[in-house]
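*Asks:* My structure is in work.csv, and what it holds is CSV, C-alpha atoms and all ligand atoms:
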chain,number,residue,atom,x,y,z
A,1,MET,CA,0.0,0.0,0.0
A,2,GLN,CA,1.3,3.4,-0.9
A,3,VAL,CA,0.0,7.0,-1.3
A,4,PHE,CA,1.2,9.4,-3.9
A,5,ASN,CA,0.3,12.9,-2.7
A,6,ASN,CA,0.0,16.2,-4.4
A,7,ALA,CA,-0.5,15.2,-8.0
A,8,ARG,CA,-2.1,17.0,-10.9
A,9,ILE,CA,-3.8,14.2,-12.9
A,10,ALA,CA,-4.0,14.4,-16.7
A,11,CYS,CA,-6.1,11.6,-18.3
A,12,PRO,CA,-5.9,11.0,-22.0
A,13,GLY,CA,-8.8,12.2,-24.0
A,14,ALA,CA,-10.2,14.4,-21.2
A,15,GLU,CA,-11.1,17.8,-22.7
A,16,THR,CA,-10.8,19.6,-19.3
A,17,GLY,CA,-7.1,19.3,-18.9
A,18,PRO,CA,-5.3,18.3,-15.8
A,19,THR,CA,-6.7,18.9,-12.3
A,20,PRO,CA,-5.7,22.4,-11.2
A,21,PRO,CA,-2.8,22.9,-8.7
A,22,SER,CA,-5.4,24.3,-6.2
A,23,GLU,CA,-6.8,20.8,-5.8
A,24,PRO,CA,-3.9,18.6,-4.9
A,25,MET,CA,-4.9,15.0,-5.6
A,26,ALA,CA,-3.8,11.8,-4.0
A,27,ILE,CA,-3.5,8.4,-5.7
A,28,ALA,CA,-3.5,5.4,-3.3
A,29,THR,CA,-2.2,2.0,-4.6
A,30,GLU,CA,-2.5,-1.5,-3.3
A,31,ASP,CA,-1.3,-4.8,-4.8
A,32,ALA,CA,0.1,-3.0,-7.9
A,33,ARG,CA,-3.3,-1.5,-8.6
A,34,ILE,CA,-4.8,2.0,-8.2
A,35,ALA,CA,-7.1,1.6,-5.1
A,36,TRP,CA,-8.4,5.2,-4.7
A,37,ILE,CA,-8.1,8.7,-6.3
A,38,GLY,CA,-9.4,11.9,-4.8
A,39,LYS,CA,-8.5,15.1,-3.1
A,40,VAL,CA,-5.7,14.8,-0.6
A,41,SER,CA,-8.1,16.0,2.2
A,42,ASP,CA,-10.5,13.2,1.4
A,43,LEU,CA,-8.0,10.3,1.8
A,44,PRO,CA,-9.9,7.4,3.4
A,45,GLY,CA,-8.7,6.4,6.9
A,46,ARG,CA,-7.5,2.9,5.7
A,47,PHE,CA,-4.7,4.6,3.8
A,48,ALA,CA,-3.7,6.8,6.8
A,49,SER,CA,-0.7,4.8,7.8
A,50,ALA,CA,0.5,3.9,4.3
A,51,PRO,CA,3.9,5.2,3.2
A,52,ARG,CA,3.6,8.5,1.3
A,53,SER,CA,5.5,10.1,-1.6
A,54,ASP,CA,5.0,13.8,-2.3
A,55,LEU,CA,4.8,14.4,-6.1
A,56,GLY,CA,5.2,18.1,-5.6
A,57,GLY,CA,2.2,19.2,-7.7
A,58,ARG,CA,3.6,17.5,-10.8
A,59,LEU,CA,1.6,16.3,-13.7
A,60,VAL,CA,0.8,12.6,-13.7
A,61,THR,CA,-0.3,10.6,-16.8
A,62,PRO,CA,-0.8,6.9,-17.2
A,63,GLY,CA,2.6,5.2,-17.8
A,64,LEU,CA,3.4,5.3,-21.5
A,65,ILE,CA,2.9,2.1,-23.7
A,66,ASP,CA,5.1,1.5,-26.7
A,67,CYS,CA,2.8,-1.0,-28.5
A,68,HIS,CA,4.9,-1.8,-31.6
A,69,THR,CA,8.7,-2.5,-31.3
A,70,HIS,CA,11.3,-4.8,-32.7
A,71,VAL,CA,13.7,-3.8,-30.0
A,72,VAL,CA,15.5,-7.2,-29.8
A,73,PHE,CA,17.8,-7.7,-32.8
A,74,GLY,CA,21.5,-8.3,-33.5
A,75,GLY,CA,23.8,-5.8,-35.2
A,76,ASP,CA,22.8,-2.6,-36.9
A,77,ARG,CA,21.9,-1.3,-40.4
A,78,ALA,CA,23.9,1.9,-40.5
A,79,ARG,CA,25.4,0.8,-43.9
A,80,GLU,CA,21.9,0.5,-45.3
A,81,PHE,CA,21.1,4.0,-44.1
A,82,GLU,CA,24.1,5.2,-46.1
A,83,MET,CA,22.9,3.2,-49.2
A,84,ARG,CA,19.5,4.9,-49.0
A,85,LEU,CA,21.2,8.2,-48.9
A,86,GLU,CA,23.0,7.2,-52.0
A,87,GLY,CA,19.7,6.5,-53.7
A,88,ALA,CA,18.7,2.9,-53.0
A,89,SER,CA,15.1,2.3,-51.9
A,90,TYR,CA,14.1,0.1,-48.9
A,91,GLU,CA,12.6,-2.4,-51.4
A,92,ASP,CA,15.7,-2.4,-53.6
A,93,ILE,CA,17.8,-3.2,-50.5
A,94,ALA,CA,15.4,-6.0,-49.4
A,95,ARG,CA,15.4,-7.6,-52.8
A,96,ALA,CA,19.2,-7.6,-52.9
A,97,GLY,CA,19.3,-9.7,-49.7
A,98,GLY,CA,19.9,-6.7,-47.3
A,99,GLY,CA,17.2,-5.1,-45.1
A,100,ILE,CA,15.4,-7.5,-42.8
A,101,LEU,CA,17.6,-10.4,-44.0
A,102,SER,CA,20.8,-8.6,-42.9
A,103,SER,CA,19.4,-8.3,-39.4
A,104,VAL,CA,18.4,-12.0,-39.6
A,105,ARG,CA,22.0,-13.0,-40.2
A,106,ASP,CA,23.2,-10.9,-37.2
A,107,THR,CA,20.4,-12.1,-34.9
A,108,ARG,CA,21.0,-15.8,-35.7
A,109,ALA,CA,24.7,-15.4,-34.9
A,110,ALA,CA,24.1,-13.7,-31.5
A,111,SER,CA,23.7,-15.5,-28.2
A,112,GLU,CA,20.7,-14.9,-26.0
A,113,GLU,CA,23.1,-13.0,-23.7
A,114,ALA,CA,24.4,-10.8,-26.5
A,115,LEU,CA,20.9,-10.0,-27.7
A,116,LEU,CA,19.9,-9.0,-24.2
A,117,ASP,CA,23.0,-6.8,-23.8
A,118,GLN,CA,22.3,-5.1,-27.2
A,119,ALA,CA,18.6,-4.6,-26.5
A,120,LEU,CA,18.9,-3.2,-22.9
A,121,PRO,CA,20.3,0.3,-23.8
A,122,ARG,CA,17.4,0.7,-26.3
A,123,VAL,CA,14.9,-0.4,-23.6
A,124,ASP,CA,16.5,1.9,-21.1
A,125,ALA,CA,16.1,4.9,-23.4
A,126,LEU,CA,12.3,4.1,-23.7
A,127,LEU,CA,11.9,3.6,-20.0
A,128,ALA,CA,13.7,6.9,-19.3
A,129,GLU,CA,10.8,8.6,-21.1
A,130,GLY,CA,8.0,7.1,-19.0
A,131,VAL,CA,7.3,3.8,-20.8
A,132,THR,CA,5.9,1.2,-18.4
A,133,THR,CA,4.6,-1.4,-21.0
A,134,LEU,CA,6.5,-2.4,-24.0
A,135,GLU,CA,5.6,-4.7,-26.9
A,136,ILE,CA,8.4,-6.7,-28.5
A,137,LYS,CA,8.2,-8.8,-31.7
A,138,SER,CA,10.3,-11.7,-32.9
A,139,GLY,CA,10.9,-11.7,-36.7
A,140,TYR,CA,14.7,-11.5,-37.2
A,141,GLY,CA,15.2,-15.3,-36.8
A,142,LEU,CA,13.0,-16.7,-39.6
A,143,GLU,CA,13.9,-20.1,-38.1
A,144,VAL,CA,12.2,-21.6,-35.1
A,145,GLU,CA,15.1,-21.6,-32.7
A,146,THR,CA,16.1,-18.0,-33.3
A,147,GLU,CA,12.5,-16.7,-33.2
A,148,LEU,CA,12.1,-18.5,-29.8
A,149,LYS,CA,15.5,-17.0,-28.7
A,150,MET,CA,14.2,-13.5,-29.4
A,151,LEU,CA,11.1,-14.0,-27.4
A,152,ARG,CA,13.1,-15.5,-24.5
A,153,VAL,CA,15.2,-12.3,-24.5
A,154,ALA,CA,12.0,-10.3,-24.6
A,155,ARG,CA,10.6,-12.1,-21.5
A,156,ARG,CA,14.0,-11.7,-19.8
A,157,ILE,CA,13.8,-7.9,-20.3
A,158,ALA,CA,10.7,-7.9,-18.0
A,159,ARG,CA,12.7,-9.7,-15.4
A,160,VAL,CA,15.7,-7.4,-15.4
A,161,ARG,CA,13.9,-4.1,-15.8
A,162,PRO,CA,10.7,-2.6,-14.1
A,163,VAL,CA,8.5,-2.8,-17.2
A,164,SER,CA,5.7,-5.1,-18.5
A,165,VAL,CA,6.6,-6.8,-21.8
A,166,ARG,CA,4.1,-8.2,-24.3
A,167,THR,CA,5.6,-10.5,-26.8
A,168,THR,CA,4.5,-11.0,-30.5
A,169,TRP,CA,5.3,-13.9,-32.8
A,170,LEU,CA,6.4,-12.3,-36.1
A,171,ALA,CA,8.0,-15.2,-38.0
A,172,ALA,CA,5.9,-14.1,-41.0
A,173,HIS,CA,8.2,-11.0,-41.4
A,174,ALA,CA,10.2,-12.0,-44.5
A,175,LEU,CA,10.9,-15.2,-46.4
A,176,PRO,CA,14.4,-16.5,-45.6
A,177,PRO,CA,16.5,-17.5,-48.7
A,178,GLU,CA,16.6,-21.2,-47.7
A,179,TYR,CA,12.8,-21.3,-48.3
A,180,ALA,CA,12.8,-19.2,-51.5
A,181,ALA,CA,11.6,-22.1,-53.6
A,182,ASP,CA,8.8,-23.2,-51.2
A,183,ARG,CA,6.8,-20.5,-49.4
A,184,ALA,CA,4.2,-22.9,-48.2
A,185,ALA,CA,6.8,-25.0,-46.4
A,186,TYR,CA,8.1,-21.9,-44.6
A,187,LEU,CA,4.7,-21.1,-43.4
A,188,ARG,CA,4.1,-24.6,-42.3
A,189,GLU,CA,7.5,-25.5,-40.8
A,190,VAL,CA,8.5,-22.2,-39.3
A,191,VAL,CA,5.6,-19.8,-38.9
A,192,ILE,CA,3.0,-22.3,-37.7
A,193,ALA,CA,5.1,-25.0,-36.2
A,194,GLY,CA,7.2,-22.4,-34.3
A,195,MET,CA,4.0,-20.6,-33.2
A,196,ASP,CA,2.9,-23.9,-31.5
A,197,ARG,CA,6.3,-24.1,-29.8
A,198,ALA,CA,6.2,-20.5,-28.6
A,199,HIS,CA,2.7,-21.0,-27.3
A,200,ALA,CA,3.6,-24.2,-25.5
A,201,GLU,CA,6.5,-22.5,-23.9
A,202,GLY,CA,4.5,-19.5,-22.8
A,203,LEU,CA,6.5,-17.1,-24.9
A,204,VAL,CA,3.9,-15.5,-27.0
A,205,ASP,CA,1.0,-13.1,-26.4
A,206,ALA,CA,0.0,-12.2,-29.9
A,207,VAL,CA,0.7,-13.1,-33.6
A,208,ASP,CA,1.7,-10.6,-36.3
A,209,GLY,CA,2.8,-10.6,-39.9
A,210,PHE,CA,4.2,-8.3,-42.6
A,211,CYS,CA,1.6,-8.2,-45.3
A,212,GLU,CA,3.3,-6.6,-48.3
A,213,GLY,CA,4.5,-7.4,-51.9
A,214,ILE,CA,8.0,-8.0,-50.5
A,215,ALA,CA,6.7,-10.2,-47.7
A,216,PHE,CA,3.4,-12.2,-47.3
A,217,SER,CA,0.1,-12.0,-49.1
A,218,PRO,CA,-3.3,-11.7,-47.4
A,219,GLU,CA,-4.0,-15.3,-48.4
A,220,GLU,CA,-0.9,-16.5,-46.6
A,221,MET,CA,-1.7,-14.4,-43.5
A,222,ASP,CA,-5.2,-15.8,-43.5
A,223,LEU,CA,-3.7,-19.2,-42.9
A,224,VAL,CA,-1.4,-17.9,-40.1
A,225,PHE,CA,-4.2,-16.0,-38.4
A,226,GLY,CA,-6.5,-19.1,-38.6
A,227,HIS,CA,-3.9,-21.1,-36.8
A,228,ALA,CA,-3.4,-18.3,-34.2
A,229,ALA,CA,-7.2,-18.3,-33.5
A,230,GLY,CA,-7.0,-22.0,-32.8
A,231,LEU,CA,-4.5,-21.3,-30.1
A,232,GLY,CA,-6.6,-18.4,-28.7
A,233,LEU,CA,-3.9,-15.9,-29.6
A,234,PRO,CA,-4.9,-12.4,-30.7
A,235,VAL,CA,-3.6,-11.1,-34.1
A,236,LYS,CA,-2.3,-7.9,-35.5
A,237,LEU,CA,-0.7,-7.0,-38.8
A,238,HIS,CA,1.9,-4.8,-40.6
A,239,ALA,CA,-0.5,-3.6,-43.3
A,240,GLU,CA,-0.5,-1.1,-46.1
A,241,GLN,CA,2.9,0.3,-45.3
A,242,LEU,CA,4.3,0.4,-48.9
A,243,SER,CA,1.1,-0.4,-50.9
A,244,ASP,CA,-2.6,-1.1,-50.5
A,245,GLY,CA,-2.6,-4.9,-50.5
A,246,GLY,CA,-5.8,-5.5,-48.6
A,247,GLY,CA,-4.0,-6.4,-45.3
A,248,ALA,CA,-6.2,-4.3,-43.1
A,249,VAL,CA,-9.4,-5.8,-44.5
A,250,LEU,CA,-8.0,-9.3,-43.8
A,251,ALA,CA,-6.8,-8.3,-40.3
A,252,ALA,CA,-10.3,-6.8,-39.6
A,253,ARG,CA,-11.9,-10.0,-40.8
A,254,HIS,CA,-9.9,-11.9,-38.2
A,255,GLY,CA,-10.9,-9.4,-35.5
A,256,ALA,CA,-7.3,-8.1,-35.2
A,257,ILE,CA,-6.5,-6.0,-32.2
A,258,SER,CA,-4.4,-3.7,-34.4
A,259,ALA,CA,-3.3,-3.0,-37.9
A,260,ASP,CA,-0.1,-1.0,-38.1
A,261,HIS,CA,1.6,1.5,-40.4
A,262,LEU,CA,-1.4,2.1,-42.8
A,263,GLU,CA,0.0,4.9,-45.0
A,264,TYR,CA,-1.7,3.3,-48.1
A,265,LEU,CA,-4.9,2.3,-46.3
A,266,GLY,CA,-8.0,2.9,-48.5
A,267,ASP,CA,-11.6,3.7,-47.5
A,268,ASN,CA,-12.6,0.0,-47.5
A,269,GLY,CA,-9.8,-0.7,-45.0
A,270,VAL,CA,-10.9,2.2,-42.8
A,271,ALA,CA,-14.5,0.9,-42.8
A,272,ALA,CA,-13.4,-2.7,-42.1
A,273,MET,CA,-11.3,-1.6,-39.1
A,274,ALA,CA,-14.1,0.6,-37.7
A,275,ALA,CA,-16.5,-2.3,-37.9
A,276,SER,CA,-14.1,-4.8,-36.2
A,277,GLY,CA,-12.8,-2.3,-33.5
A,278,THR,CA,-9.2,-2.8,-34.8
A,279,VAL,CA,-6.8,-0.1,-33.5
A,280,ALA,CA,-4.8,1.9,-36.1
A,281,VAL,CA,-1.2,1.9,-34.9
A,282,LEU,CA,0.6,4.7,-36.7
A,283,LEU,CA,4.4,4.6,-36.9
A,284,PRO,CA,5.8,8.0,-37.8
A,285,GLY,CA,9.4,6.9,-37.2
A,286,ALA,CA,9.2,4.6,-40.2
A,287,PHE,CA,7.4,7.2,-42.3
A,288,TYR,CA,10.2,9.7,-41.5
A,289,THR,CA,13.1,7.3,-42.0
A,290,LEU,CA,11.8,6.0,-45.4
A,291,ARG,CA,11.0,9.6,-46.4
A,292,GLU,CA,7.5,8.4,-47.2
A,293,THR,CA,5.2,11.1,-48.7
A,294,LYS,CA,1.9,9.3,-48.5
A,295,LEU,CA,0.2,10.2,-45.3
A,296,PRO,CA,-1.9,7.7,-43.4
A,297,PRO,CA,-5.6,8.6,-43.7
A,298,VAL,CA,-5.9,10.2,-40.3
A,299,ALA,CA,-9.0,12.3,-41.0
A,300,ALA,CA,-10.9,9.2,-42.3
A,301,LEU,CA,-9.8,7.1,-39.3
A,302,ARG,CA,-11.0,9.8,-37.0
A,303,ARG,CA,-14.4,10.2,-38.8
A,304,ALA,CA,-14.9,6.5,-38.7
A,305,GLY,CA,-14.1,6.3,-35.0
A,306,VAL,CA,-11.1,4.0,-35.4
A,307,PRO,CA,-8.9,4.4,-32.2
A,308,ILE,CA,-5.4,5.7,-33.1
A,309,ALA,CA,-2.3,4.6,-31.3
A,310,LEU,CA,1.3,5.7,-31.9
A,311,ALA,CA,4.5,3.7,-31.4
A,312,THR,CA,8.2,3.8,-32.1
A,313,ASP,CA,8.4,0.7,-34.3
A,314,CYS,CA,12.0,0.7,-32.9
A,315,ASN,CA,13.9,-1.5,-35.4
A,316,PRO,CA,17.3,-1.5,-37.1
A,317,GLY,CA,16.1,-0.7,-40.6
A,318,THR,CA,13.1,1.6,-41.0
A,319,SER,CA,12.9,3.2,-37.5
A,320,PRO,CA,16.0,3.2,-35.4
A,321,LEU,CA,14.0,5.3,-32.9
A,322,THR,CA,14.1,4.9,-29.1
A,323,SER,CA,12.0,7.8,-28.1
A,324,LEU,CA,8.2,7.5,-27.7
A,325,LEU,CA,8.0,11.2,-27.0
A,326,LEU,CA,9.6,11.9,-30.4
A,327,ALA,CA,7.1,9.5,-32.0
A,328,MET,CA,4.4,11.7,-30.4
A,329,ASN,CA,6.0,14.9,-31.7
A,330,MET,CA,6.2,13.3,-35.2
A,331,GLY,CA,2.6,12.1,-35.0
A,332,ALA,CA,1.5,15.7,-34.3
A,333,THR,CA,3.8,17.4,-36.8
A,334,LEU,CA,3.8,14.9,-39.7
A,335,PHE,CA,0.4,13.3,-39.3
A,336,ARG,CA,-1.5,16.3,-37.7
A,337,ILE,CA,-2.6,14.2,-34.7
A,338,THR,CA,-3.6,16.5,-31.9
A,339,PRO,CA,-1.6,16.5,-28.6
A,340,SER,CA,-4.5,15.0,-26.8
A,341,GLU,CA,-4.8,12.2,-29.4
A,342,CYS,CA,-1.1,11.7,-29.2
A,343,LEU,CA,-1.4,11.1,-25.4
A,344,ALA,CA,-4.3,8.7,-25.9
A,345,GLY,CA,-2.2,7.1,-28.7
A,346,VAL,CA,0.5,6.1,-26.2
A,347,THR,CA,-1.8,5.2,-23.3
A,348,VAL,CA,-5.4,4.0,-23.6
A,349,ASN,CA,-5.4,3.2,-27.3
A,350,ALA,CA,-1.9,1.6,-27.1
A,351,ALA,CA,-3.2,-0.6,-24.4
A,352,ARG,CA,-6.1,-1.6,-26.6
A,353,ALA,CA,-3.7,-2.3,-29.5
A,354,LEU,CA,-2.2,-4.9,-27.2
A,355,GLY,CA,-5.5,-6.3,-26.0
A,356,LEU,CA,-5.0,-5.0,-22.5
A,357,ASP,CA,-7.9,-3.5,-20.6
A,358,ASP,CA,-6.1,-3.2,-17.2
A,359,ARG,CA,-4.0,-0.1,-18.0
A,360,GLY,CA,-3.7,3.0,-20.1
A,361,ALA,CA,-5.8,5.3,-17.9
A,362,ILE,CA,-5.9,6.4,-14.3
A,363,ARG,CA,-8.9,4.8,-12.6
A,364,PRO,CA,-9.3,2.6,-9.5
A,365,GLY,CA,-8.9,-1.0,-10.4
A,366,LEU,CA,-6.3,-0.4,-13.1
A,367,ARG,CA,-2.6,-1.2,-12.8
A,368,ALA,CA,-0.8,1.5,-10.9
A,369,ASP,CA,1.5,2.3,-13.9
A,370,LEU,CA,2.1,6.1,-14.0
A,371,ALA,CA,4.5,8.7,-15.4
A,372,VAL,CA,5.3,11.8,-13.4
A,373,TRP,CA,6.3,14.8,-15.4
A,374,ASP,CA,7.9,18.2,-14.9
A,375,ILE,CA,5.5,20.0,-17.2
A,376,ALA,CA,2.6,22.3,-16.9
A,377,ARG,CA,0.3,21.0,-19.7
A,378,PRO,CA,0.0,17.5,-21.2
A,379,ALA,CA,0.5,19.0,-24.7
A,380,GLU,CA,4.1,19.7,-23.9
A,381,LEU,CA,4.8,15.9,-24.2
A,382,SER,CA,4.2,16.1,-28.0
A,383,TYR,CA,5.2,19.8,-28.5
A,384,ARG,CA,8.9,19.6,-27.4
A,385,ILE,CA,11.6,18.0,-29.5
A,386,GLY,CA,14.5,16.1,-28.0
A,387,PHE,CA,13.7,17.1,-24.4
A,388,ASN,CA,12.8,14.7,-21.7
A,389,PRO,CA,10.7,16.1,-18.8
A,390,LEU,CA,10.2,12.8,-17.0
A,391,HIS,CA,10.5,13.1,-13.2
A,392,ALA,CA,9.7,9.5,-12.3
A,393,ARG,CA,7.8,6.3,-13.2
A,394,ILE,CA,5.5,4.4,-11.0
A,395,VAL,CA,5.4,0.8,-12.0
A,396,GLY,CA,2.9,-1.6,-10.3
A,397,GLY,CA,2.6,1.0,-7.5
A,398,GLU,CA,6.4,1.3,-6.9
A,399,LEU,CA,8.2,4.5,-7.6
A,400,VAL,CA,11.2,3.8,-9.8
A,501,LIG,O1,7.9,-2.3,-38.9
A,501,LIG,N1,7.6,-3.4,-41.9
A,501,LIG,C1,8.2,-4.4,-41.6
A,501,LIG,N2,9.0,-4.5,-40.5
A,501,LIG,C2,9.7,-3.4,-39.9
A,501,LIG,C3,10.9,-3.1,-40.5
A,501,LIG,C4,11.8,-4.2,-40.4
A,501,LIG,C5,13.2,-3.9,-40.9
A,501,LIG,O2,13.4,-3.3,-41.9
A,501,LIG,O3,14.1,-4.5,-40.2
A,501,LIG,C6,8.8,-2.2,-39.7
A,501,LIG,O4,9.0,-1.2,-40.4
A,502,FE,FE,7.2,-3.0,-37.3
Let me see the structure of the file written as structure tokens.
*Replies:*
Amino acid sequence: MQVFNNARIACPGAETGPTPPSEPMAIATEDARIAWIGKVSDLPGRFASAPRSDLGGRLVTPGLIDCHTHVVFGGDRAREFEMRLEGASYEDIARAGGGILSSVRDTRAASEEALLDQALPRVDALLAEGVTTLEIKSGYGLEVETELKMLRVARRIARVRPVSVRTTWLAAHALPPEYAADRAAYLREVVIAGMDRAHAEGLVDAVDGFCEGIAFSPEEMDLVFGHAAGLGLPVKLHAEQLSDGGGAVLAARHGAISADHLEYLGDNGVAAMAASGTVAVLLPGAFYTLRETKLPPVAALRRAGVPIALATDCNPGTSPLTSLLLAMNMGATLFRITPSECLAGVTVNAARALGLDDRGAIRPGLRADLAVWDIARPAELSYRIGFNPLHARIVGGELV
């Protein structure tokens, strides 16, 4: 049991702004949950003897949720960055055996220990900006053992750092060269057989795929999602990143919790996502890195009532980004997402994109995952560039 005194509470989506400084609020926690919220002067007697921390009138938001990352990988792709500056496109590089496949070579060669050591500085950068829940995908193994190794590293991150980790099986990320002649065998022997292993070992919370001309078709993903459903695993999809291939419609048909990227999403995709309650996860770091010019259809998503989330997409190729605050700024500046939508996009809607209903807002009963900021207004989180106003994180009721 713990009481956090003297907070100004900013809840995502609230039009009224944070509670004013004249009304210092208290948040009482118990068993990692928020037990009570109210004016300091109204604190119920049962919390009277609980330890107290004074938040000094600072602004408190839900802990941030980075709902789309590939933060576990071997090596880096700085050379590919140079090649793109010399004129090569992301697709050119992928077709020439670089891109995702170059990270696959480095990830296969790295030990579990080495992958953990390489991922932790990236994770620490995210946590330093208020992240309390982090999604991590496999997808740089493209063989069963390495995909499982990546997810073991992801699970270990949650044991060595104060953060919740949700893991995602992304073996359908690219076709490895050894299966070039037999796509169906790859899906059967690696994507599906590996999913069974990951599930049996408790390593996987959701299933994802890269639905694109250079990766997998909607028909292939249909098969993968059908298998995920049989295991009771929720699905999500990298869709419409480089072209409109019908990925979002397929994802919606499977009741996907999210469809991600979506620059090339058409009206039928928007309508399908609205009907299925699928969250649109926008990834401005990849848009920026690839110097994409086609904007995701934000106005249409808004009109249709599709919840919008924002994430870093932290990965070695298209988004070497370890700042969720910068993703919020880019969401606002590049995609015209309002600061209040940006905050909802990294809290309540990001939770939904992970299928989590126990976090992402500040309410009794939810997990006591909070971020405490040295700012006056929540809009400052997306307004400033390259500045970190985090004062502290509260993870499962513990100040860290
Ligand atoms: O989210 N779109 C596909 N997957 C990653 C990029 C992976 C890579 O290039 O390493 C993404 O952008
Ligand atoms: Fe991604």
*Asks:* Quick one: contact table of chain A to ligand LIG 501 (chain A), 7 Å max, nearest atom pair and distance in Å to one decimal per residue, counting all atoms listed in the file, chain and number order, as JSON lines?
*Replies:*
{"residue": "A:Gly99", "atom": "CA", "partner": "A:LIG501", "partner_atom": "O2", "distance": 5.3}
{"residue": "A:Ile100", "atom": "CA", "partner": "A:LIG501", "partner_atom": "O3", "distance": 4.2}
{"residue": "A:Ser103", "atom": "CA", "partner": "A:LIG501", "partner_atom": "O3", "distance": 6.6}
{"residue": "A:His173", "atom": "CA", "partner": "A:LIG501", "partner_atom": "C1", "distance": 6.6}
{"residue": "A:Phe210", "atom": "CA", "partner": "A:LIG501", "partner_atom": "C1", "distance": 5.7}
{"residue": "A:His238", "atom": "CA", "partner": "A:LIG501", "partner_atom": "N1", "distance": 6.0}
{"residue": "A:Gln241", "atom": "CA", "partner": "A:LIG501", "partner_atom": "N1", "distance": 6.9}
{"residue": "A:Ala286", "atom": "CA", "partner": "A:LIG501", "partner_atom": "O4", "distance": 5.8}
{"residue": "A:Asp313", "atom": "CA", "partner": "A:LIG501", "partner_atom": "O1", "distance": 5.5}
{"residue": "A:Asn315", "atom": "CA", "partner": "A:LIG501", "partner_atom": "O3", "distance": 5.7}
{"residue": "A:Pro316", "atom": "CA", "partner": "A:LIG501", "partner_atom": "O3", "distance": 5.4}
{"residue": "A:Gly317", "atom": "CA", "partner": "A:LIG501", "partner_atom": "O2", "distance": 4.0}
{"residue": "A:Thr318", "atom": "CA", "partner": "A:LIG501", "partner_atom": "O2", "distance": 5.0}
{"residue": "A:Ser319", "atom": "CA", "partner": "A:LIG501", "partner_atom": "O4", "distance": 6.6}
*Asks:* Kindly extract all protein, DNA and RNA residues lying within 6 Å of the coordinates (6.3, 17.0, -10.9) given in the file, considering all atoms listed in the file, and supply them as a list in words.
*Replies:*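 Collected hits near the coordinates: Leu55, Gly56, Gly57, Arg58, Leu59, Val372, Trp373 and Asp374 of chain A.
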*Asks:* Would you save the residues of that selection, restricted to C-alpha atoms, as a compact mmCIF listing (two decimals), in the coordinates of the input?
*Replies:*
# COMPACT_ATOMS: atom_id res chain seq x y z
CA LEU A 55 4.80 14.40 -6.10
CA GLY A 56 5.20 18.10 -5.60
CA GLY A 57 2.20 19.20 -7.70
CA ARG A 58 3.60 17.50 -10.80
CA LEU A 59 1.60 16.30 -13.70
CA VAL A 372 5.30 11.80 -13.40
CA TRP A 373 6.30 14.80 -15.40
CA ASP A 374 7.90 18.20 -14.90
*Asks:* With only C-alpha atoms and all ligand atoms as the basis for distance, which of A:Arg291, A:Lys137, A:Arg188, A:His254 is at the shortest distance from ligand FE 502 (chain A)?
*Replies:*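 The closest residue to ligand FE 502 (chain A) is A:Lys137.
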*Asks:* What is the distance, in Å and to one decimal place, between CA of Arg377 (chain A) and CA of Pro296 (chain A)?
*Replies:*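 So the two atoms, CA of Arg377 (chain A) and CA of Pro296 (chain A), lie 27.3 Å apart.
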*Asks:* Which residues are close to Ser243 (chain A), i.e. within 9 Å by only C-alpha atoms, leaving aside same-chain residues fewer than 4 positions away? Reply as a list of chain:residue names.
*Replies:*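 These residues fall inside the cut-off: A:Glu212, A:Gly213, A:Ala239, A:Leu262, A:Glu263, A:Tyr264, A:Leu265.
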*Asks:* Select the residues contacting ligand FE 502 (chain A) at a distance of at most 12 Å, based on all atoms listed in the file, then format the selection as a ChimeraX atom specification.
*Replies:* /A:66-72,100,135-140,168-170,172-174,208-211,236-241,258-262,281-287,310-321
*Asks:* From the options A:Met330, A:Ala114, A:Leu290, A:Val346, which residue's atoms come nearest to Leu242 (chain A), counting all atoms listed in the file?
*Replies:*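 The closest residue to Leu242 (chain A) is A:Leu290.
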*Asks:* Name all residues at most 9 Å from region 360-363 of chain A (count all atoms listed in the file; drop same-chain ones fewer than 4 positions away) and give them as JSON, numbers by chain.
*Replies:* {"A": [9, 10, 11, 12, 34, 35, 36, 37, 61, 62, 63, 64, 65, 344, 346, 347, 348, 349, 350, 351, 352, 356, 367, 368, 369, 370]}
*Asks:* What is the CA of Val395 (chain A)-CA of Leu354 (chain A) distance in Å, reported with one decimal?
*Replies:*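 Taking CA of Val395 (chain A) as the start and CA of Leu354 (chain A) as the end point, the length is 17.9 Å.
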*Asks:* Under the rule that all atoms listed in the file are counted, which of A:Val190, A:Val40, A:Leu120, A:Asp182 is the nearest residue to Val163 (chain A)?
*Replies:*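 Of A:Val190, A:Val40, A:Leu120, A:Asp182, the one nearest Val163 (chain A), counting all atoms listed in the file, is A:Leu120.
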*Asks:* Could you tell me which of A:Arg108, A:Arg303, A:Arg156, A:Arg95 comes closest to Leu203 (chain A) if we count all atoms listed in the file?
*Replies:* A:Arg156
*Asks:* Which residues are close to Ser102 (chain A), i.e. within 12 Å by all atoms listed in the file, leaving aside same-chain residues fewer than 5 positions away? Reply as a list in words.
*Replies:* Phe73, Gly74, Gly75, Asp76, Arg77, Ala78, Arg79, Glu80, Ile93, Ala94, Arg95, Ala96, Gly97, Thr107, Arg108, Ala109, Tyr140, Gly141, Leu142, Ala174, Pro176, Pro177, Pro316 and Gly317 of chain A
*Asks:* Let me make sure I understand: among A:Arg359, A:Arg384, A:His199, A:Arg152, which one has the smallest atom-to-atom distance to Thr133 (chain A) if we use all atoms listed in the file?
*Replies:*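 Going through A:Arg359, A:Arg384, A:His199, A:Arg152 one by one, the smallest distance to Thr133 (chain A) is for A:Arg359.
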